[in-house]
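Structure below is upload_9.cif: mmCIF, C-alpha atoms.
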data_data
#
loop_
_atom_site.label_atom_id
_atom_site.label_comp_id
_atom_site.auth_asym_id
_atom_site.auth_seq_id
_atom_site.Cartn_x
_atom_site.Cartn_y
_atom_site.Cartn_z
CA MET A 251 107.08 118.72 84.08
CA LYS A 252 103.61 119.25 85.48
CA LYS A 253 102.25 119.25 88.99
CA LEU A 254 99.85 116.30 89.05
CA THR A 255 97.62 115.69 92.03
CA ILE A 256 95.97 112.32 92.41
CA ILE A 257 93.00 112.09 94.75
CA PHE A 258 91.93 108.84 96.38
CA ARG A 259 88.30 109.34 97.38
CA ARG A 260 87.06 105.75 97.34
CA ALA A 261 87.66 102.86 99.71
CA PRO A 262 90.03 100.11 98.56
CA HIS A 263 89.13 96.59 97.32
CA GLY A 264 85.45 97.16 96.46
CA THR A 265 86.52 98.64 93.12
CA PRO A 266 89.88 98.88 91.35
CA HIS A 267 89.96 102.70 91.58
CA GLY A 268 92.61 102.92 94.32
CA ARG A 269 94.87 100.41 92.67
CA GLU A 270 94.67 102.10 89.28
CA ALA A 271 95.22 105.50 90.92
CA LEU A 272 98.42 104.22 92.52
CA ASP A 273 99.60 102.74 89.18
CA LEU A 274 99.16 106.17 87.63
CA ALA A 275 100.89 107.91 90.54
CA LEU A 276 104.01 105.74 90.31
CA LEU A 277 104.13 105.91 86.53
CA SER A 278 103.76 109.71 86.57
CA ALA A 279 106.56 110.01 89.10
CA SER A 280 108.82 107.79 86.99
CA PHE A 281 108.09 110.14 84.07
CA GLU A 282 109.53 112.99 86.14
CA GLN A 283 106.25 114.70 86.97
CA GLU A 284 105.77 116.41 90.32
CA VAL A 285 103.23 114.05 91.83
CA SER A 286 101.22 114.52 95.01
CA LEU A 287 98.60 112.25 96.56
CA ILE A 288 95.61 113.30 98.62
CA PHE A 289 93.41 110.90 100.58
CA VAL A 290 89.91 112.19 101.20
CA ASP A 291 86.53 110.88 102.24
CA GLU A 292 86.34 107.04 102.29
CA GLY A 293 89.69 107.02 100.48
CA VAL A 294 91.42 107.35 103.88
CA LEU A 295 90.67 103.64 104.37
CA ASN A 296 93.56 102.97 101.98
CA LEU A 297 95.77 104.06 104.87
CA VAL A 298 94.62 101.43 107.39
CA LYS A 299 97.35 99.04 108.50
CA MET A 300 97.24 95.24 108.41
CA GLN A 301 94.96 94.80 105.40
CA HIS A 302 94.65 91.38 103.75
CA PRO A 303 93.09 92.06 100.33
CA GLU A 304 94.01 88.58 99.07
CA LEU A 305 91.28 87.18 101.34
CA VAL A 306 88.70 88.82 99.08
CA GLY A 307 90.41 88.02 95.80
CA ALA A 308 92.00 91.45 95.48
CA LYS A 309 95.63 92.32 94.83
CA ASP A 310 97.59 93.67 97.77
CA PHE A 311 98.36 97.02 96.19
CA ILE A 312 98.36 98.62 99.66
CA ALA A 313 101.90 97.30 100.15
CA THR A 314 102.93 99.17 96.99
CA PHE A 315 102.22 102.53 98.68
CA GLY A 316 105.51 101.82 100.46
CA ALA A 317 107.32 102.40 97.16
CA LEU A 318 106.27 106.07 96.94
CA PRO A 319 109.46 107.46 98.56
CA LEU A 320 111.57 105.43 96.09
CA TYR A 321 109.80 107.30 93.31
CA ASP A 322 110.41 110.62 95.07
CA VAL A 323 106.73 111.16 95.79
CA ASP A 324 107.10 113.17 98.95
CA THR A 325 103.82 115.05 99.09
CA VAL A 326 101.22 112.74 100.58
CA LEU A 327 98.31 114.48 102.24
CA ALA A 328 95.25 113.20 104.06
CA CYS A 329 92.18 115.20 104.99
CA LYS A 330 91.99 115.69 108.76
CA THR A 331 88.22 115.86 108.71
CA SER A 332 87.93 112.57 106.80
CA LEU A 333 90.42 110.84 109.10
CA LEU A 334 88.40 112.00 112.08
CA GLU A 335 85.13 110.80 110.52
CA TYR A 336 86.57 107.34 109.99
CA GLY A 337 88.23 107.23 113.43
CA LEU A 338 91.75 107.27 111.98
CA ASP A 339 92.94 110.65 113.23
CA LYS A 340 95.07 109.11 115.95
CA ALA A 341 95.71 105.73 114.36
CA GLU A 342 99.06 104.57 113.08
CA LEU A 343 98.81 104.64 109.29
CA THR A 344 100.56 102.71 106.54
CA MET A 345 102.70 105.58 105.37
CA LYS A 346 104.23 108.87 106.35
CA LEU A 347 101.86 111.66 105.45
CA THR A 348 100.74 115.12 106.41
CA GLN A 349 97.30 115.66 107.89
CA VAL A 350 95.78 118.79 106.38
CA SER A 351 92.54 120.73 106.71
CA PRO A 352 89.98 120.93 103.88
CA ALA A 353 91.08 124.55 103.32
CA GLU A 354 94.67 123.42 102.80
CA ILE A 355 93.43 120.85 100.27
CA THR A 356 91.54 123.60 98.45
CA GLN A 357 94.78 125.54 98.20
CA HIS A 358 96.68 122.49 97.00
CA LEU A 359 94.10 121.89 94.25
CA ALA A 360 94.48 125.50 93.13
CA ASP A 361 98.28 125.09 92.90
CA ALA A 362 98.21 121.85 90.85
CA ASP A 363 98.39 121.81 87.06
CA GLU A 364 96.02 118.86 86.73
CA VAL A 365 94.00 116.89 89.27
CA LEU A 366 92.89 113.29 88.69
CA VAL A 367 90.24 111.81 90.96
CA PHE A 368 89.86 108.10 91.61
CA MET B 100 92.87 126.98 69.42
CA SER B 101 93.68 124.66 72.28
CA ASN B 102 95.04 121.18 72.65
CA PHE B 103 92.99 118.78 74.78
CA ILE B 104 93.69 115.37 76.19
CA ILE B 105 90.59 113.34 77.04
CA GLN B 106 90.61 110.59 79.62
CA VAL B 107 87.68 108.17 79.54
CA ASN B 108 87.20 106.17 82.73
CA GLY B 109 83.58 105.07 82.32
CA ALA B 110 82.35 102.01 80.41
CA ALA B 111 80.32 102.22 77.21
CA ASN B 112 76.61 101.43 77.35
CA THR B 113 76.44 100.91 81.13
CA GLY B 114 77.12 104.47 82.27
CA SER B 115 76.77 108.01 80.96
CA ALA B 116 80.34 109.32 81.43
CA SER B 117 81.70 107.75 78.25
CA TYR B 118 78.89 109.21 76.12
CA THR B 119 79.52 112.65 77.64
CA ALA B 120 83.23 112.18 76.84
CA TYR B 121 82.39 111.37 73.24
CA ARG B 122 80.13 114.39 72.84
CA PHE B 123 82.70 116.68 74.47
CA THR B 124 85.43 115.36 72.16
CA LYS B 125 83.22 115.85 69.10
CA ALA B 126 82.24 119.38 70.15
CA SER B 127 85.91 120.32 70.70
CA LEU B 128 86.89 119.06 67.26
CA GLU B 129 83.97 120.85 65.63
CA GLN B 130 85.15 124.09 67.22
CA GLY B 131 88.58 123.58 65.67
CA HIS B 132 90.42 122.49 68.81
CA GLN B 133 92.95 119.69 68.75
CA ILE B 134 92.46 116.44 70.60
CA SER B 135 95.98 115.10 70.97
CA LEU B 136 94.80 111.87 72.57
CA VAL B 137 91.73 110.05 73.84
CA PHE B 138 93.03 107.74 76.55
CA PHE B 139 90.83 104.92 77.84
CA TYR B 140 91.58 103.96 81.43
CA GLN B 141 89.75 101.98 84.14
CA ASP B 142 86.35 100.81 82.83
CA GLY B 143 86.81 103.22 79.92
CA VAL B 144 88.68 100.47 78.05
CA LEU B 145 85.30 98.75 77.59
CA ASN B 146 84.48 101.45 75.02
CA THR B 147 86.92 99.81 72.63
CA SER B 148 85.63 96.24 72.53
CA SER B 149 84.42 95.25 69.09
CA PHE B 150 82.25 92.67 70.86
CA ASN B 151 80.02 95.51 72.08
CA SER B 152 76.82 94.73 70.22
CA PRO B 153 74.02 97.10 71.09
CA ALA B 154 70.66 96.49 69.38
CA SER B 155 70.29 98.14 65.98
CA ASP B 156 68.05 100.91 67.33
CA GLU B 157 70.52 101.85 70.07
CA PHE B 158 73.41 104.30 69.97
CA ASP B 159 76.66 102.48 69.22
CA LEU B 160 79.38 104.30 71.13
CA THR B 161 82.25 102.09 69.96
CA LYS B 162 81.27 102.79 66.35
CA ALA B 163 80.93 106.51 67.16
CA TRP B 164 84.53 106.68 68.44
CA ILE B 165 85.71 104.91 65.27
CA GLU B 166 83.83 107.39 63.09
CA LEU B 167 85.38 110.28 65.00
CA ASN B 168 88.80 108.77 64.30
CA HIS B 169 87.96 108.45 60.60
CA GLN B 170 86.82 112.03 60.39
CA TYR B 171 89.51 113.72 62.50
CA GLN B 172 92.32 111.11 62.78
CA ILE B 173 92.30 111.35 66.58
CA LYS B 174 94.43 108.87 68.51
CA LEU B 175 92.39 106.37 70.55
CA VAL B 176 94.63 104.60 73.04
CA ASN B 177 93.82 101.97 75.67
CA CYS B 178 95.76 101.40 78.86
CA VAL B 179 96.97 97.86 78.20
CA SER B 180 96.97 96.63 81.80
CA ALA B 181 93.49 98.03 82.49
CA SER B 182 92.35 96.37 79.24
CA LEU B 183 93.76 92.92 79.90
CA ARG B 184 92.21 92.94 83.36
CA ARG B 185 88.81 93.58 81.77
CA GLY B 186 89.03 91.14 78.89
CA VAL B 187 89.84 93.61 76.14
CA ILE B 188 92.74 92.26 74.07
CA SER B 189 94.26 92.91 70.68
CA LYS B 190 95.62 90.33 68.25
CA MET B 191 99.07 90.73 69.75
CA GLU B 192 97.98 89.75 73.28
CA ALA B 193 95.78 87.00 71.84
CA ASP B 194 98.80 85.53 70.02
CA GLU B 195 100.90 85.76 73.17
CA CYS B 196 98.44 83.73 75.20
CA GLN B 197 97.37 81.50 72.30
CA ALA B 198 93.84 82.83 72.43
CA LYS B 199 91.76 82.38 69.29
CA HIS B 200 89.82 85.59 69.64
CA TRP B 201 90.49 89.22 70.26
CA ASN B 202 88.17 92.19 70.47
CA MET B 203 90.28 95.28 70.01
CA GLN B 204 91.77 96.46 66.77
CA SER B 205 92.60 99.54 64.74
CA PRO B 206 91.83 102.41 65.00
CA PHE B 207 92.05 101.65 68.74
CA GLU B 208 95.59 101.01 69.96
CA MET B 209 97.11 99.51 73.07
CA GLY B 210 99.42 101.81 74.98
CA GLY B 211 100.73 102.44 78.44
CA LEU B 212 100.04 104.97 81.15
CA GLY B 213 103.21 106.69 79.96
CA GLU B 214 101.27 107.92 76.92
CA LEU B 215 98.68 109.46 79.21
CA VAL B 216 101.33 111.16 81.31
CA THR B 217 103.35 112.56 78.40
CA GLY B 218 100.04 113.55 76.79
CA ILE B 219 99.03 115.49 79.91
CA GLU B 220 102.42 117.16 79.96
CA ARG B 221 101.99 118.44 76.40
CA ALA B 222 98.27 119.28 76.41
CA ASP B 223 96.72 122.60 77.40
CA ARG B 224 93.93 120.87 79.23
CA LEU B 225 93.07 117.42 80.58
CA VAL B 226 89.38 116.60 80.78
CA SER B 227 88.40 113.29 82.42
CA PHE B 228 85.05 111.56 82.26
CA MET C 173 89.45 129.14 89.18
CA ILE C 174 88.46 125.51 88.77
CA LEU C 175 85.56 123.88 86.90
CA HIS C 176 84.37 120.99 89.06
CA HIS C 177 82.55 118.38 87.00
CA ILE C 178 80.12 116.02 88.73
CA GLN C 179 78.62 113.17 86.71
CA THR C 180 76.85 111.06 89.30
CA SER C 181 73.73 111.50 91.42
CA PRO C 182 74.42 112.32 95.08
CA ALA C 183 71.93 109.57 95.89
CA GLN C 184 74.45 107.07 94.53
CA ASP C 185 77.87 108.55 94.98
CA ASN C 186 79.70 110.96 97.24
CA ALA C 187 81.29 112.93 94.37
CA LEU C 188 79.21 116.08 94.87
CA ALA C 189 79.60 116.09 98.65
CA THR C 190 83.35 115.56 98.42
CA CYS C 191 83.72 118.26 95.80
CA LEU C 192 81.82 120.76 97.93
CA ARG C 193 84.09 120.07 100.89
CA TYR C 194 87.16 121.20 98.93
CA ILE C 195 85.77 123.73 96.47
CA ASP C 196 86.96 127.33 96.51
CA LYS C 197 84.57 130.30 96.57
CA GLN C 198 85.25 131.44 93.04
CA ASP C 199 85.10 127.92 91.52
CA THR C 200 82.27 126.64 89.31
CA VAL C 201 80.29 123.40 89.49
CA LEU C 202 79.10 121.66 86.33
CA LEU C 203 76.51 118.92 86.73
CA SER C 204 76.02 116.34 83.97
CA GLY C 205 74.43 112.90 83.74
CA ASN C 206 72.42 111.92 86.81
CA ALA C 207 74.20 114.64 88.79
CA VAL C 208 71.56 117.07 87.47
CA ASN C 209 69.02 115.26 89.68
CA ALA C 210 70.74 116.77 92.73
CA LEU C 211 69.05 120.09 92.04
CA LEU C 212 65.60 118.57 92.59
CA LEU C 213 66.38 118.11 96.26
CA ASN C 214 66.20 120.96 98.77
CA THR C 215 69.38 119.83 100.52
CA TRP C 216 71.53 120.18 97.42
CA GLN C 217 69.75 123.28 96.15
CA HIS C 218 70.65 124.83 99.47
CA GLU C 219 74.25 123.56 99.40
CA LEU C 220 74.73 124.95 95.91
CA ALA C 221 72.80 128.19 96.43
CA GLN C 222 75.84 130.44 96.74
CA ARG C 223 77.77 128.81 93.92
CA ARG C 224 78.16 129.44 90.24
CA ILE C 225 76.63 126.33 88.68
CA PHE C 226 76.03 125.02 85.17
CA ILE C 227 73.94 122.04 84.16
CA LEU C 228 74.33 120.21 80.89
CA GLU C 229 71.24 121.00 78.87
CA GLU C 230 70.88 117.67 77.07
CA ASP C 231 71.01 115.74 80.32
CA VAL C 232 68.22 117.91 81.75
CA LYS C 233 66.06 117.58 78.63
CA ALA C 234 66.68 113.85 78.38
CA ARG C 235 65.31 113.43 81.90
CA GLY C 236 62.24 115.60 81.33
CA LEU C 237 63.43 118.13 83.92
CA THR C 238 63.66 121.29 81.80
CA GLU C 239 60.84 123.14 83.56
CA ARG C 240 61.66 121.93 87.03
CA LEU C 241 65.24 123.12 86.71
CA SER C 242 64.53 126.23 84.64
CA GLN C 243 65.99 128.62 87.24
CA PHE C 244 69.49 127.18 86.68
CA ASN C 245 72.06 127.93 83.96
CA PHE C 246 71.92 125.40 81.14
CA ILE C 247 74.94 124.97 78.90
CA ASN C 248 75.38 122.95 75.72
CA TYR C 249 78.47 120.97 74.72
CA GLU C 250 79.95 123.88 72.80
CA GLN C 251 79.77 126.05 75.93
CA PHE C 252 81.08 123.15 78.03
CA VAL C 253 84.22 123.11 75.88
CA GLN C 254 84.59 126.88 76.21
CA GLU C 255 84.14 126.77 79.99
CA THR C 256 86.95 124.23 80.36
CA LEU C 257 89.20 126.86 78.75
CA HIS C 258 87.81 129.79 80.75
CA HIS C 259 88.80 127.94 83.91
CA ASP C 260 92.36 127.07 84.95
CA LYS C 261 91.59 123.37 85.07
CA VAL C 262 88.81 120.82 85.24
CA ILE C 263 88.41 118.36 88.10
CA SER C 264 86.07 115.46 87.36
CA TRP C 265 85.03 113.97 90.67
#

Would you mind writing the structure in this file as structure tokens?
Amino acid sequence: MKKLTIIFRRAPHGTPHGREALDLALLSASFEQEVSLIFVDEGVLNLVKMQHPELVGAKDFIATFGALPLYDVDTVLACKTSLLEYGLDKAELTMKLTQVSPAEITQHLADADEVLVF
Amino acid sequence: MSNFIIQVNGAANTGSASYTAYRFTKASLEQGHQISLVFFYQDGVLNTSSFNSPASDEFDLTKAWIELNHQYQIKLVNCVSASLRRGVISKMEADECQAKHWNMQSPFEMGGLGELVTGIERADRLVSF
Amino acid sequence: MILHHIQTSPAQDNALATCLRYIDKQDTVLLSGNAVNALLLNTWQHELAQRRIFILEEDVKARGLTERLSQFNFINYEQFVQETLHHDKVISW
């Protein structure tokens, strides 16, 4: 078992990065890896509620984030600074997560075995 | 000597990441390291299309991966769902959807993300491009 | 100790900026591809001034930037491979 950290740094729907990151996260968790997710930079826009990706021909993978607890992915972090930049620091978000400082993210990256950025 | 797993996320011929991945893989092998798997994910699957047809005076990355496989027998595996989404299919998928053409064949193989994950678990180091 | 690998120009992509927000003091930055262009700009030279940085030699030569970037540490592919093993892990942003 390895500690895999998956970083979402890009906004959803413009590119398939977020969707393919989530595919990998769920698959890794089902293969008994210790998976954690971190939302940083524009990637925090994955956390906005009431998205309708089908209107722009994209798959609604945002709904699939709801499956994370079923896969025992309990560590979901979002960068406080990024949330603040995008005006989401006080917003209700799509999933239960922990807001952390950049320094805490630095520490988390140091503790992981491998980090995959999308 | 160490055991690497290489993840290629960038397309061939339209970005530099895949070429860097190829050169890194080659340099590792030349130094005697093992490459347990080269896994093509995201736009990286476009490295494996045999329809890639660069002009004769241009570097042919798809051919270069094949030559690396011939020389070192490295495994070259595509994520099947990322591939299908981008129009890269093998004979098996072509047969399934009654398509007359396919553009991915040996030494490239179709696989799942599970191969990437088990590969990461076993490797000393993951390097993504 | 992490080797942070940046492959895209900061004029096109936020990879370098994001990496620098989360990088640790003792970590290293490796610039390849168009990411090497970052070092031509004062802003990024300044941001990276206190850091251990490597730039991939062939990418610098290919772009005709060898003299302009001569004050930085060039590495070849062989050294790139070695550095991935000298560090605990590689993060490609």

- Shell of 9 Å around range 239-244 of chain C, only C-alpha atoms, local chain residues under 5 positions omitted, as a PyMOL selection string: chain C and resi 208+211-212+225-227+232

May I have the selected residues written with C-alpha atoms, as a CSV table (one decimal), in the coordinates of the input?
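Written out: result.csv:
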chain,number,residue,atom,x,y,z
C,208,VAL,CA,71.6,117.1,87.5
C,211,LEU,CA,69.0,120.1,92.0
C,212,LEU,CA,65.6,118.6,92.6
C,225,ILE,CA,76.6,126.3,88.7
C,226,PHE,CA,76.0,125.0,85.2
C,227,ILE,CA,73.9,122.0,84.2
C,232,VAL,CA,68.2,117.9,81.8

Could you pull the residues within 12 Å of range 190-197 of chain B, counting all atoms listed in the file, minus those fewer than 4 positions along the same chain, as a CSV table (one decimal) with C-alpha atoms, in the frame of the given file?
chain,number,residue,atom,x,y,z
B,179,VAL,CA,97.0,97.9,78.2
B,180,SER,CA,97.0,96.6,81.8
B,182,SER,CA,92.4,96.4,79.2
B,183,LEU,CA,93.8,92.9,79.9
B,186,GLY,CA,89.0,91.1,78.9
B,201,TRP,CA,90.5,89.2,70.3
B,202,ASN,CA,88.2,92.2,70.5
B,203,MET,CA,90.3,95.3,70.0
B,204,GLN,CA,91.8,96.5,66.8
B,205,SER,CA,92.6,99.5,64.7
B,207,PHE,CA,92.0,101.6,68.7
B,208,GLU,CA,95.6,101.0,70.0
B,209,MET,CA,97.1,99.5,73.1

- Item | Distance query range 142-145 of chain B at most 12 Å, all atoms listed in the file, self and fewer than 2 positions along chain excluded, as an MDAnalysis selection string | (chainID A and resid 265:267 270 368) or (chainID B and resid 105:118 120:121 137:140 147:152 160:161 175:189 202:203 207:210 227:228)

- Task: Residues of chain C near chain B: apply a cut-off of 9 Å, count all atoms listed in the file, and supply the list as an MDAnalysis selection string.
- Result: chainID C and resid 177 179:180 204:206 249:250 252:254 256:257 260:265

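When CA of Lys233 in chain C is paired with CA of Phe246 in chain C, their separation reads 10.1 Å.
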
- Task: Go through the shown structure with the PyMOL selection byres ((chain A and resi 291) around 8) and write out the matching residues as a list of chain:residue names.
- Result: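 Here the PyMOL selection byres ((chain A and resi 291) around 8) matches A:Arg259, A:Arg260, A:Phe289, A:Val290, A:Glu292, A:Gly293, A:Val294, A:Cys329, A:Ser332, A:Leu333, C:Thr190.
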
Dump as a tab-separated table the rows for residues of chain A within 8 Å of chain B: closest atom pair and distance in Å with one decimal, only C-alpha atoms counted, ordered by chain and rising residue number.
residue	atom	partner	partner_atom	distance
A:Met251	CA	B:Glu220	CA	6.4
A:Lys252	CA	B:Glu220	CA	6.0
A:Pro266	CA	B:Gln141	CA	7.8
A:His267	CA	B:Gln141	CA	7.5
A:Glu270	CA	B:Gln141	CA	7.1
A:Leu274	CA	B:Leu212	CA	6.6
A:Leu277	CA	B:Gly213	CA	6.7
A:Ser278	CA	B:Val216	CA	6.0
A:Phe281	CA	B:Gly213	CA	7.3
A:Glu364	CA	B:Leu225	CA	7.0
A:Leu366	CA	B:Ser227	CA	7.7

- chain A proximity check over C:Asn248, C:His259, C:Thr238, C:Gln217, using all atoms listed in the file: winner is C:His259

- Which value, in Å to one decimal, gives the distance between CA of Ala313 in chain A and CA of Asp185 in chain C? 27.0 Å

- Hits from the PyMOL selection byres ((chain A and resi 303) around 12), listed as a list in words: Pro262, His263, Gly264, Thr265, Pro266, Arg269, Asn296, Val298, Lys299, Met300, Gln301, His302, Glu304, Leu305, Val306, Gly307, Ala308, Lys309, Asp310, Phe311, Ile312 and Ala313 of chain A
